[in-house]
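Trainee: work.txt (compact mmCIF, C-alpha atoms and all ligand atoms) pasted underneath:
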```txt
# COMPACT_ATOMS: atom_id res chain seq x y z
CA MET S 29 -15.40 3.04 -14.90
CA THR S 30 -15.79 0.55 -12.07
CA GLU S 31 -19.12 -1.13 -11.43
CA ILE S 32 -19.38 -3.37 -8.41
CA ARG S 33 -21.97 -6.03 -7.77
CA ALA S 34 -21.76 -7.98 -4.52
CA ILE S 35 -23.96 -11.06 -4.28
CA SER S 36 -24.89 -12.91 -1.07
CA LEU S 37 -21.66 -12.19 0.75
CA ILE S 38 -20.76 -14.27 3.76
CA LYS S 39 -17.75 -13.94 6.02
CA ASP S 40 -16.99 -15.86 9.20
CA PHE S 41 -14.30 -15.10 11.70
CA SER S 42 -13.77 -18.33 13.65
CA THR S 43 -17.34 -19.28 14.56
CA ARG S 44 -18.87 -15.84 14.30
CA ARG S 45 -20.74 -14.84 11.13
CA VAL S 46 -19.58 -11.28 10.60
CA ILE S 47 -21.17 -10.77 7.18
CA ASN S 48 -24.44 -12.59 6.74
CA ASN S 49 -25.85 -12.71 3.23
CA ILE S 50 -25.32 -9.17 2.01
CA SER S 51 -25.90 -8.10 -1.58
CA MET S 52 -25.17 -4.67 -2.93
CA ASP S 53 -24.83 -2.86 -6.25
CA ILE S 54 -22.47 0.06 -6.53
CA ASN S 55 -22.53 1.92 -9.81
CA GLN S 56 -19.92 4.40 -10.90
CA GLY S 57 -20.59 7.82 -9.43
CA ASN S 58 -22.64 6.68 -6.47
CA PHE S 59 -22.13 8.08 -2.99
CA ILE S 60 -22.88 5.35 -0.48
CA LEU S 61 -22.95 5.75 3.25
CA ILE S 62 -22.78 2.72 5.54
CA LYS S 63 -23.91 3.17 9.11
CA GLY S 64 -24.22 0.80 12.02
CA PRO S 65 -23.02 0.01 15.51
CA SER S 66 -19.51 -1.02 16.35
CA GLY S 67 -18.81 -4.59 15.33
CA ALA S 68 -21.65 -4.63 12.78
CA GLY S 69 -19.21 -5.66 10.06
CA LYS S 70 -18.92 -2.36 8.15
CA THR S 71 -15.16 -2.46 7.72
CA THR S 72 -15.22 -6.13 6.77
CA LEU S 73 -17.92 -5.48 4.16
CA ALA S 74 -16.04 -2.52 2.65
CA MET S 75 -12.83 -4.53 2.45
CA ILE S 76 -14.60 -7.47 0.77
CA ILE S 77 -16.28 -5.20 -1.77
CA SER S 78 -13.05 -3.41 -2.57
CA GLY S 79 -11.05 -6.56 -3.08
CA LEU S 80 -8.94 -6.80 0.06
CA ILE S 81 -10.69 -9.58 2.01
CA LYS S 82 -11.92 -12.75 0.37
CA PRO S 83 -15.45 -13.68 1.46
CA ASP S 84 -16.28 -17.23 2.59
CA GLY S 85 -19.44 -17.24 0.49
CA GLY S 86 -21.02 -15.22 -2.30
CA SER S 87 -19.20 -13.26 -4.95
CA VAL S 88 -18.02 -9.81 -5.92
CA HIS S 89 -18.29 -8.88 -9.58
CA ILE S 90 -16.23 -5.94 -10.75
CA ASN S 91 -17.14 -4.83 -14.24
CA GLY S 92 -18.82 -8.17 -14.71
CA ARG S 93 -15.81 -10.25 -13.69
CA ASN S 94 -15.99 -12.52 -10.68
CA TYR S 95 -13.19 -10.82 -8.78
CA TYR S 96 -12.19 -13.43 -6.22
CA ASN S 97 -12.10 -16.15 -8.87
CA LEU S 98 -9.59 -14.24 -10.97
CA SER S 99 -5.85 -14.80 -10.92
CA ARG S 100 -3.81 -12.70 -8.53
CA PHE S 101 -2.48 -10.76 -11.48
CA ASP S 102 -5.95 -9.79 -12.73
CA ARG S 103 -7.12 -8.95 -9.23
CA TYR S 104 -4.24 -6.53 -8.74
CA LYS S 105 -5.09 -4.94 -12.07
CA LEU S 106 -8.73 -4.34 -11.11
CA ARG S 107 -7.74 -3.04 -7.71
CA LYS S 108 -5.80 -0.18 -9.27
CA SER S 109 -9.15 1.61 -9.60
CA PHE S 110 -9.60 1.68 -5.83
CA SER S 111 -8.17 4.01 -3.24
CA TYR S 112 -8.46 3.58 0.50
CA ILE S 113 -8.76 5.61 3.64
CA PHE S 114 -8.35 3.09 6.44
CA GLN S 115 -10.04 3.25 9.82
CA ASN S 116 -6.82 2.58 11.70
CA ASN S 117 -4.02 4.88 10.70
CA ILE S 118 -1.80 2.62 8.64
CA PHE S 119 1.52 4.22 7.77
CA ILE S 120 5.20 3.58 7.28
CA ASN S 121 5.99 4.75 10.77
CA ASN S 122 9.63 5.55 10.36
CA SER S 123 8.97 7.73 7.30
CA SER S 124 7.99 11.34 6.89
CA VAL S 125 4.53 12.72 6.28
CA ILE S 126 5.28 13.61 2.66
CA GLU S 127 6.57 10.09 1.90
CA ASN S 128 3.45 8.57 3.38
CA ILE S 129 1.25 10.82 1.27
CA LEU S 130 3.13 10.21 -1.97
CA ILE S 131 3.43 6.45 -1.67
CA PRO S 132 0.49 5.72 -4.03
CA PHE S 133 2.36 7.54 -6.80
CA ILE S 134 4.93 4.73 -6.95
CA ASN S 135 2.39 3.01 -9.16
CA LYS S 136 1.19 6.05 -11.10
CA LYS S 137 2.66 8.10 -13.88
CA ALA S 138 5.06 10.71 -12.57
CA SER S 139 3.96 14.31 -12.90
CA LYS S 140 5.51 17.52 -11.72
CA ASN S 141 2.33 18.32 -9.83
CA ASP S 142 2.40 15.46 -7.34
CA PHE S 143 4.45 17.31 -4.76
CA LYS S 144 2.50 20.51 -5.33
CA LYS S 145 -0.72 18.63 -4.84
CA ALA S 146 0.51 17.08 -1.60
CA LEU S 147 1.60 20.47 -0.31
CA TYR S 148 -1.70 22.00 -1.41
CA TYR S 149 -3.67 19.49 0.65
CA LEU S 150 -1.36 19.84 3.64
CA ASP S 151 -1.84 23.57 3.43
CA LEU S 152 -5.60 23.19 3.20
CA PHE S 153 -5.55 21.51 6.60
CA GLY S 154 -2.93 23.78 8.12
CA LEU S 155 -0.36 20.99 8.20
CA ASN S 156 2.23 22.32 5.75
CA ASN S 157 4.89 22.51 8.45
CA THR S 158 4.61 18.76 9.06
CA ALA S 159 5.66 17.60 5.58
CA ASN S 160 9.11 16.47 6.70
CA LYS S 161 8.18 15.30 10.18
CA LYS S 162 8.06 11.60 10.96
CA ILE S 163 4.46 10.46 10.75
CA TYR S 164 4.43 9.00 14.28
CA LYS S 165 5.13 12.43 15.71
CA LEU S 166 1.71 13.66 14.57
CA SER S 167 -1.40 13.46 16.74
CA GLY S 168 -4.07 10.87 15.99
CA GLY S 169 -6.30 13.43 14.33
CA GLU S 170 -3.45 14.80 12.24
CA GLN S 171 -2.56 11.29 11.14
CA ALA S 172 -6.18 10.74 10.15
CA ILE S 173 -5.95 13.78 7.89
CA ILE S 174 -2.74 12.44 6.32
CA GLY S 175 -4.57 9.16 5.69
CA ILE S 176 -7.36 11.07 3.97
CA ILE S 177 -4.92 13.04 1.82
CA ARG S 178 -3.18 9.81 0.79
CA GLY S 179 -6.56 8.34 -0.12
CA ILE S 180 -7.66 11.20 -2.35
CA ILE S 181 -4.43 12.50 -3.83
CA THR S 182 -4.48 9.99 -6.69
CA GLU S 183 -8.15 10.57 -7.48
CA GLU S 184 -7.50 11.28 -11.13
CA TYR S 185 -6.27 7.68 -11.52
CA THR S 186 -8.95 5.95 -9.44
CA ASP S 187 -12.70 5.35 -9.72
CA VAL S 188 -13.68 4.33 -6.21
CA ILE S 189 -12.66 5.81 -2.88
CA ILE S 190 -13.29 3.69 0.21
CA ALA S 191 -13.36 5.89 3.30
CA ASP S 192 -13.68 3.99 6.57
CA GLU S 193 -14.67 6.38 9.35
CA PRO S 194 -12.28 9.03 8.07
CA THR S 195 -13.54 11.80 10.32
CA SER S 196 -14.19 9.95 13.57
CA GLN S 197 -11.15 11.61 15.16
CA LEU S 198 -11.84 15.08 13.79
CA ASN S 199 -13.91 18.05 14.87
CA GLU S 200 -17.06 19.14 13.05
CA GLU S 201 -15.39 21.88 11.09
CA LEU S 202 -12.80 19.51 9.66
CA GLU S 203 -15.46 16.90 9.10
CA GLU S 204 -17.47 19.28 6.98
CA LYS S 205 -14.41 20.25 4.99
CA ILE S 206 -13.69 16.61 4.22
CA LEU S 207 -17.29 15.76 3.38
CA LYS S 208 -17.27 18.66 0.94
CA ILE S 209 -14.15 17.27 -0.71
CA PHE S 210 -15.89 13.90 -1.06
CA LYS S 211 -18.90 15.65 -2.51
CA TYR S 212 -16.71 17.45 -5.01
CA LEU S 213 -14.94 14.22 -6.02
CA ASN S 214 -18.34 12.56 -6.34
CA SER S 215 -19.55 15.37 -8.58
CA LYS S 216 -16.55 14.59 -10.79
CA GLY S 217 -17.85 11.04 -11.14
CA LYS S 218 -15.91 9.24 -8.42
CA THR S 219 -17.70 6.57 -6.46
CA ILE S 220 -17.54 7.22 -2.74
CA LEU S 221 -18.12 4.46 -0.20
CA LEU S 222 -18.16 6.13 3.16
CA ILE S 223 -18.50 4.48 6.53
CA SER S 224 -19.46 7.00 9.15
CA HIS S 225 -21.56 7.47 12.24
CA SER S 226 -22.05 11.13 11.59
CA LYS S 227 -25.43 12.75 10.97
CA LYS S 228 -23.86 15.25 8.63
CA ALA S 229 -22.64 12.54 6.29
CA GLU S 230 -26.26 11.58 5.63
CA LEU S 231 -26.77 14.91 3.90
CA PHE S 232 -24.08 14.08 1.37
CA ALA S 233 -24.90 10.46 0.55
CA LYS S 234 -27.05 9.28 -2.32
CA GLU S 235 -27.77 5.92 -0.71
CA ILE S 236 -27.59 4.89 2.92
CA TYR S 237 -27.24 1.34 4.21
CA PHE S 238 -27.78 0.51 7.85
CA MET S 239 -25.96 -2.53 9.13
CA GLU S 240 -26.38 -4.60 12.23
CA ASN S 241 -24.93 -7.99 13.12
CA GLY S 242 -23.63 -8.60 9.63
CA LYS S 243 -26.90 -7.79 7.90
CA ILE S 244 -28.37 -4.83 6.08
CA THR S 245 -31.30 -3.83 8.24
CA ASN S 246 -32.34 -0.72 6.41
CA TYR S 247 -31.78 1.03 3.12
CA GLU S 248 -32.59 4.54 2.05
CA LYS S 249 -32.23 6.20 -1.30
CA ARG S 250 -31.64 9.91 -0.81
CA ILE S 251 -31.11 11.45 -4.17
CA LYS S 252 -32.55 10.20 -7.42
CA GLU S 253 -29.77 9.47 -9.89
CA MET F 2 5.61 1.52 -12.02
CA ASN F 3 7.36 4.78 -11.42
CA ILE F 4 11.14 4.52 -11.18
CA LYS F 5 11.49 8.18 -10.20
CA TYR F 6 9.50 7.59 -7.02
CA ILE F 7 11.16 4.27 -6.26
CA LEU F 8 14.53 6.05 -6.28
CA TRP F 9 13.17 9.00 -4.31
CA PHE F 10 11.85 6.60 -1.67
CA LEU F 11 15.17 4.75 -1.73
CA LEU F 12 17.07 7.98 -1.02
CA ARG F 13 14.68 8.74 1.81
CA GLY F 14 15.06 5.17 3.04
CA ILE F 15 18.84 5.47 3.19
CA VAL F 16 18.36 8.35 5.59
CA SER F 17 15.96 6.28 7.71
CA TYR F 18 17.93 3.03 7.75
CA PRO F 19 21.57 3.88 6.88
CA ILE F 20 22.93 0.86 8.74
CA PHE F 21 20.98 -1.58 6.60
CA TYR F 22 22.22 -0.09 3.36
CA ILE F 23 25.81 -0.02 4.57
CA GLY F 24 25.43 -3.70 5.45
CA LEU F 25 23.96 -4.42 2.04
CA THR F 26 26.88 -2.70 0.33
CA LEU F 27 29.37 -4.69 2.41
CA ILE F 28 27.66 -7.97 1.57
CA ASN F 29 27.78 -7.11 -2.14
CA ILE F 30 31.45 -6.19 -1.88
CA PHE F 31 32.23 -9.46 -0.09
CA ILE F 32 30.34 -11.60 -2.58
CA MET F 33 32.04 -10.13 -5.62
CA PHE F 34 35.47 -9.65 -4.05
CA PHE F 35 35.54 -13.16 -2.58
CA TYR F 36 34.64 -14.61 -5.92
CA ASP F 37 37.70 -13.00 -7.45
CA ILE F 38 40.07 -14.17 -4.73
CA LYS F 39 38.47 -17.51 -4.02
CA ASP F 40 41.20 -19.46 -5.80
CA ASN F 41 43.76 -18.00 -3.44
CA LEU F 42 41.81 -19.47 -0.55
CA GLY F 43 42.18 -23.01 -1.84
CA ASN F 44 39.53 -25.41 -0.63
CA TYR F 45 37.84 -22.82 1.54
CA GLY F 46 37.09 -20.52 -1.39
CA LEU F 47 33.83 -22.00 -2.57
CA PHE F 48 32.71 -22.72 0.96
CA SER F 49 33.16 -19.10 2.09
CA MET F 50 31.36 -17.89 -1.04
CA ILE F 51 28.33 -19.99 -0.22
CA ILE F 52 28.34 -18.84 3.40
CA ILE F 53 28.49 -15.17 2.38
CA ILE F 54 25.68 -15.56 -0.14
CA LEU F 55 23.52 -17.33 2.45
CA ILE F 56 24.17 -14.58 4.99
CA GLY F 57 23.28 -12.04 2.31
CA ILE F 58 19.98 -13.72 1.48
CA ILE F 59 19.00 -14.01 5.14
CA TYR F 60 20.06 -10.42 5.74
CA ASN F 61 17.92 -9.05 2.91
CA PHE F 62 14.98 -11.29 3.64
CA THR F 63 14.96 -10.21 7.29
CA PHE F 64 15.12 -6.55 6.35
CA TYR F 65 12.38 -6.70 3.76
CA THR F 66 10.21 -8.74 6.11
CA ARG F 67 10.65 -6.03 8.70
CA ASP F 68 9.92 -3.51 5.96
CA SER F 69 7.01 -5.50 4.58
CA LYS F 70 4.44 -2.94 5.65
CA LYS F 71 5.98 -0.51 3.18
CA ILE F 72 5.69 -2.88 0.24
CA GLY F 73 2.25 -3.89 1.49
CA ILE F 74 1.06 -0.29 1.46
CA ILE F 75 2.58 0.30 -1.97
CA THR F 76 0.80 -2.78 -3.25
CA ILE F 77 -2.56 -1.79 -1.81
CA TYR F 78 -2.36 1.64 -3.41
CA GLY F 79 -2.27 0.44 -6.98
CA GLY F 80 0.71 -1.89 -6.92
CA ASP F 81 1.00 -5.37 -8.31
CA ILE F 82 3.18 -8.44 -8.07
CA ILE F 83 5.76 -6.69 -10.20
CA SER F 84 6.18 -3.87 -7.66
CA GLY F 85 6.68 -6.47 -4.92
CA PHE F 86 9.62 -7.75 -6.95
CA LEU F 87 10.95 -4.59 -8.58
CA ILE F 88 11.18 -2.42 -5.50
CA PRO F 89 13.57 -4.70 -3.58
CA PHE F 90 15.33 -5.52 -6.87
CA ILE F 91 16.05 -1.90 -7.76
CA GLU F 92 17.18 -1.18 -4.21
CA ILE F 93 19.52 -4.14 -3.95
CA LEU F 94 20.81 -3.54 -7.49
CA THR F 95 21.66 0.05 -6.63
CA PHE F 96 23.90 -1.12 -3.80
CA MET F 97 25.44 -3.81 -5.96
CA ILE F 98 26.48 -1.07 -8.40
CA ILE F 99 27.85 1.03 -5.54
CA ALA F 100 29.78 -2.05 -4.35
CA ILE F 101 31.28 -2.48 -7.83
CA PHE F 102 32.50 1.11 -7.76
CA ILE F 103 33.96 0.68 -4.30
CA ILE F 104 35.84 -2.46 -5.40
CA LEU F 105 37.10 -0.68 -8.52
CA ILE F 106 38.29 2.31 -6.53
CA THR F 107 39.96 0.37 -3.70
CA ILE F 108 41.20 -2.79 -5.41
CA GLY F 109 41.19 -1.64 -8.99
CA TYR F 110 39.96 -4.90 -10.48
CA ILE F 111 36.74 -6.89 -10.72
CA SER F 112 36.07 -9.80 -13.03
CA PHE F 113 33.03 -10.03 -15.24
CA THR F 114 32.04 -13.32 -13.60
CA ALA F 115 32.13 -11.68 -10.17
CA ILE F 116 29.70 -9.04 -11.40
CA ALA F 117 27.50 -11.77 -12.87
CA ILE F 118 27.51 -13.54 -9.50
CA GLY F 119 26.64 -10.29 -7.72
CA PHE F 120 23.78 -9.82 -10.15
CA GLY F 121 22.60 -13.39 -9.62
CA PHE F 122 22.56 -12.75 -5.89
CA THR F 123 20.50 -9.58 -6.39
CA LEU F 124 18.03 -11.41 -8.60
CA LEU F 125 17.75 -14.40 -6.28
CA THR F 126 17.10 -12.36 -3.13
CA SER F 127 14.52 -10.19 -4.92
CA ILE F 128 12.70 -13.27 -6.16
CA ILE F 129 12.67 -14.77 -2.66
CA ILE F 130 11.26 -11.52 -1.25
CA ALA F 131 8.67 -11.28 -4.04
CA ILE F 132 7.51 -14.86 -3.46
CA ARG F 133 6.87 -14.00 0.14
CA PHE F 134 4.59 -11.18 -0.99
CA ILE F 135 2.81 -13.22 -3.60
CA PHE F 136 1.84 -15.87 -1.07
CA THR F 137 0.76 -13.62 1.76
CA ASP F 138 -2.40 -11.67 2.17
CA ILE F 139 -1.46 -8.02 1.65
CA TYR F 140 -4.24 -6.63 3.83
CA LYS F 141 -3.06 -8.84 6.69
CA ILE F 142 0.50 -7.58 6.23
CA ILE F 143 -0.46 -3.95 6.60
CA LYS F 144 -2.91 -4.59 9.44
CA GLU F 145 -0.55 -6.67 11.51
CA ASN F 146 2.60 -4.61 11.20
N1 LIG H 1 -9.28 -10.28 11.29
C1 LIG H 1 -10.28 -10.57 12.14
N2 LIG H 1 -10.23 -11.68 12.89
C2 LIG H 1 -11.22 -12.00 13.74
N3 LIG H 1 -12.33 -11.26 13.91
C3 LIG H 1 -12.43 -10.13 13.20
C4 LIG H 1 -11.42 -9.72 12.29
N4 LIG H 1 -11.81 -8.56 11.70
C5 LIG H 1 -13.00 -8.27 12.24
N5 LIG H 1 -13.37 -9.20 13.14
C6 LIG H 1 -14.64 -9.22 13.90
O1 LIG H 1 -15.68 -9.01 12.99
C7 LIG H 1 -16.68 -8.19 13.53
C8 LIG H 1 -16.95 -7.02 12.60
O2 LIG H 1 -15.79 -6.22 12.51
P1 LIG H 1 -15.73 -4.89 11.65
O3 LIG H 1 -14.40 -4.31 11.88
O4 LIG H 1 -16.13 -5.19 10.27
O5 LIG H 1 -16.85 -4.02 12.37
P2 LIG H 1 -17.21 -2.48 12.15
O6 LIG H 1 -18.67 -2.42 11.85
O7 LIG H 1 -16.28 -1.87 11.19
O8 LIG H 1 -16.97 -1.88 13.60
P3 LIG H 1 -16.41 -0.43 14.02
O9 LIG H 1 -17.55 0.52 13.93
O10 LIG H 1 -16.00 -0.64 15.44
O11 LIG H 1 -15.28 -0.11 13.13
C9 LIG H 1 -16.18 -7.75 14.90
O12 LIG H 1 -16.84 -8.52 15.87
C10 LIG H 1 -14.72 -8.07 14.87
O13 LIG H 1 -14.28 -8.43 16.13
MG MG H 2 -14.85 -0.49 11.24
```
Show me this structure written as structure tokens.
Ligand SMILES: Nc1ncnc2c1ncn2[C@@H]1O[C@H](COP(=O)(O)OP(=O)(O)OP(=O)(O)O)[C@@H](O)[C@H]1O
Ligand SMILES: [Mg+2]
Mentor:
Amino acid sequence: MTEIRAISLIKDFSTRRVINNISMDINQGNFILIKGPSGAGKTTLAMIISGLIKPDGGSVHINGRNYYNLSRFDRYKLRKSFSYIFQNNIFINNSSVIENILIPFINKKASKNDFKKALYYLDLFGLNNTANKKIYKLSGGEQAIIGIIRGIITEEYTDVIIADEPTSQLNEELEEKILKIFKYLNSKGKTILLISHSKKAELFAKEIYFMENGKITNYEKRIKE
Amino acid sequence: MNIKYILWFLLRGIVSYPIFYIGLTLINIFIMFFYDIKDNLGNYGLFSMIIIILIGIIYNFTFYTRDSKKIGIITIYGGDIISGFLIPFIEILTFMIIAIFIILITIGYISFTAIAIGFGFTLLTSIIIAIRFIFTDIYKIIKEN
């Protein structure tokens, strides 16, 4: 179980305040959608909350522990509960698709099903013939799907999935497919933190935050927990 | 930590960067072989040893810096400081063992001290690489590579 409490977060990049006094509670099993215009600070906020960017002010408490005050060793330990789908396709470029998908398993217990699982997901998106291709040979949209598969393939070991505009490069049909996967994972108790501009995503979220200029300007609770 | 995957990735890596791993094997061979023959080289023996070890450290450090995105990604997806050390260590150790076999096959002799020196080199380079990871921001590494 991973419970996150962010208190009065502040982040400046040079002289610009990118995150301006944001507080947020994320309980296990929530499905949060963050919306807002480009440059609002959505990615920065998600990365602070999930332990990848240290804020300049405020604090992030994970299971009651002040995350950014912990030792590096403890921070790494807590971060094992998180999985990420990054906005920019971040891969080992010279490696194959299957290597890029399986890389999170380096830090998990080995199981005979890992490969099967990877192939299952590739098949689900009609990409099974790409498994041994170099990742850079795939189109942007295909790479986005690989990034999504990498983010969800270790779900049984993780509590929180951060998905930063995972479907922005995909068509509606694929988008729906992916949102349904998130919904399924959420129904299994995973916390989903989704950043998306899409209208459809609103139907899946339990809570929606609207961001502008580093602030939460609106909040909506969709489904009673 | 999952040794099976580290080795699987290593095998895949050899296919992607064969030249690097050939270089790494050669450096390991030189370090251990030179140690055994250093007395025959008189005053230059120790000096050439140090030079070869320095080249080896720079060689590995450059490669793993170039390859830092890989270790960065591994770390972000559930890794820790130990993976930042163990992954290079297991890789370099593998090629040290291969180097030992090559020396045994071609020259037929290797001293225990030479192996200890080869191991020390492996340990030292891995620690240097790990320190680099400990003191850099992992998210920055993967974003900027
Ligand atoms: N590493 C950085 N250095 C300097 N400025 C940064 C950095 N990262 C983000 N910024 C700035 O912070 C602001 C918020 O960026 P962020 O990526 O969080 O926005 P976003 O809401 O995710 O936007 P988008 O919808 O385009 O992804 C932007 O003005 C951006 O230029
Ligand atoms: Mg963004």
Trainee: Only residues of chain S matter here; which ones have an atom within 10 Å of chain F, counting all atoms listed in the file? Give them as a PyMOL selection string.
Mentor: chain S and resi 75+79-82+100-112+114+116-124+127-128+130-138+178-179+182+185-186
Trainee: For ligand LIG 1 (chain H), collect every residue having any atom at a distance of at most 6 Å from a ligand atom (counting all atoms listed in the file); output as a ChimeraX atom specification.
Mentor: /S:41,46,65-72
Trainee: Write out as an NGL selection string each polymer residue whose atoms come within 10 Å of stretch 227-230 of chain S, counting all atoms listed in the file; drop sequence neighbours fewer than 6 positions from it.
Mentor: :S and (60-63 or 195 or 200 or 203-204 or 207-208 or 236 or 250)
Trainee: Filtering to C-alpha atoms, could you give me those residues as a compact mmCIF listing (two decimals), keeping the file's coordinate frame?
Mentor:
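Dumped everything to out-v7.txt:
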```txt
# COMPACT_ATOMS: atom_id res chain seq x y z
CA ILE S 60 -22.88 5.35 -0.48
CA LEU S 61 -22.95 5.75 3.25
CA ILE S 62 -22.78 2.72 5.54
CA LYS S 63 -23.91 3.17 9.11
CA THR S 195 -13.54 11.80 10.32
CA GLU S 200 -17.06 19.14 13.05
CA GLU S 203 -15.46 16.90 9.10
CA GLU S 204 -17.47 19.28 6.98
CA LEU S 207 -17.29 15.76 3.38
CA LYS S 208 -17.27 18.66 0.94
CA ILE S 236 -27.59 4.89 2.92
CA ARG S 250 -31.64 9.91 -0.81
```
Trainee: Using Å and a single decimal, report how far atom CA of S:Gln115 sits from atom CA of S:Asp192.
Mentor: 4.9 Å
Trainee: What are the centre and the three edge lengths of an axis-aligned box that wraps all atoms of stretch 155-168 of chain S in the file, given that 4 Å is added to every side, written as AutoDock Vina command-line options and rounded to one decimal in Å?
Mentor:
```
--center_x 2.5 --center_y 15.8 --center_z 11.2 --size_x 21.2 --size_y 21.5 --size_z 19.2
```
Trainee: I want to know what sits within 9 Å of F:Ile104, based on all atoms listed in the file, with residues of the same chain fewer than 6 positions away left out; could you give that as a list in words?
Mentor: Ile30, Met33, Phe34, Tyr110 and Ile111 of chain F
Trainee: Give me the residues near F:Pro89 as a short mmCIF file (atom, residue, chain, number, x, y, z; two decimals) with C-alpha atoms, in the coordinates of the input, where near means some atom within 10 Å (using all atoms listed in the file) and where sequence neighbours in that chain fewer than 3 positions away do not count.
Mentor:
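Below is the file around-v9.cif, written as the result:
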```cif
data_model
loop_
_atom_site.label_atom_id
_atom_site.label_comp_id
_atom_site.auth_asym_id
_atom_site.auth_seq_id
_atom_site.Cartn_x
_atom_site.Cartn_y
_atom_site.Cartn_z
CA ILE F 7 11.16 4.27 -6.26
CA LEU F 11 15.17 4.75 -1.73
CA ASN F 61 17.92 -9.05 2.91
CA PHE F 62 14.98 -11.29 3.64
CA TYR F 65 12.38 -6.70 3.76
CA ILE F 72 5.69 -2.88 0.24
CA SER F 84 6.18 -3.87 -7.66
CA GLY F 85 6.68 -6.47 -4.92
CA PHE F 86 9.62 -7.75 -6.95
CA GLU F 92 17.18 -1.18 -4.21
CA ILE F 93 19.52 -4.14 -3.95
CA LEU F 94 20.81 -3.54 -7.49
CA THR F 95 21.66 0.05 -6.63
CA THR F 123 20.50 -9.58 -6.39
CA LEU F 124 18.03 -11.41 -8.60
CA THR F 126 17.10 -12.36 -3.13
CA SER F 127 14.52 -10.19 -4.92
CA ILE F 128 12.70 -13.27 -6.16
CA ILE F 130 11.26 -11.52 -1.25
CA ALA F 131 8.67 -11.28 -4.04
#
```
Trainee: Would you mind telling me which residue in S:Phe59, S:Lys165, S:Asp151, S:Ile190 lies nearest to S:Ile76 when using only C-alpha atoms?
Mentor: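 Between S:Phe59, S:Lys165, S:Asp151, S:Ile190, the residue approaching S:Ile76 most closely is S:Ile190.
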Trainee: List the neighbours of F:Thr114 out to 9 Å using all atoms listed in the file; skip same-chain residues closer than 2 positions along the sequence, and give me the result as a ChimeraX atom specification.
Mentor: /F:33,36-37,111-112,116-119
Trainee: Those same residues, written as a compact mmCIF listing (two decimals), keeping the file's coordinate frame with C-alpha atoms?
Mentor:
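So selection-v3.txt came out as:
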```txt
# COMPACT_ATOMS: atom_id res chain seq x y z
CA MET F 33 32.04 -10.13 -5.62
CA TYR F 36 34.64 -14.61 -5.92
CA ASP F 37 37.70 -13.00 -7.45
CA ILE F 111 36.74 -6.89 -10.72
CA SER F 112 36.07 -9.80 -13.03
CA ILE F 116 29.70 -9.04 -11.40
CA ALA F 117 27.50 -11.77 -12.87
CA ILE F 118 27.51 -13.54 -9.50
CA GLY F 119 26.64 -10.29 -7.72
```
Trainee: Figure out the distance between atom CA of S:Arg33 and atom CA of S:Ile173, please, to one decimal in Å.
Mentor: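 Computing the Euclidean distance for atom CA of S:Ile173 and atom CA of S:Arg33 yields 29.9 Å.
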Trainee: Just give me the gap between atom CA of S:Ile32 and atom CA of S:Arg44 in Å, one decimal is fine.
Mentor: 25.9 Å
Trainee: Let me make sure I understand: among S:Leu37, S:Ala159, S:Ile113, S:Ala146, which one has the smallest atom-to-atom distance to ligand MG 2 (chain H) if we use all atoms listed in the file?
Mentor: S:Ile113
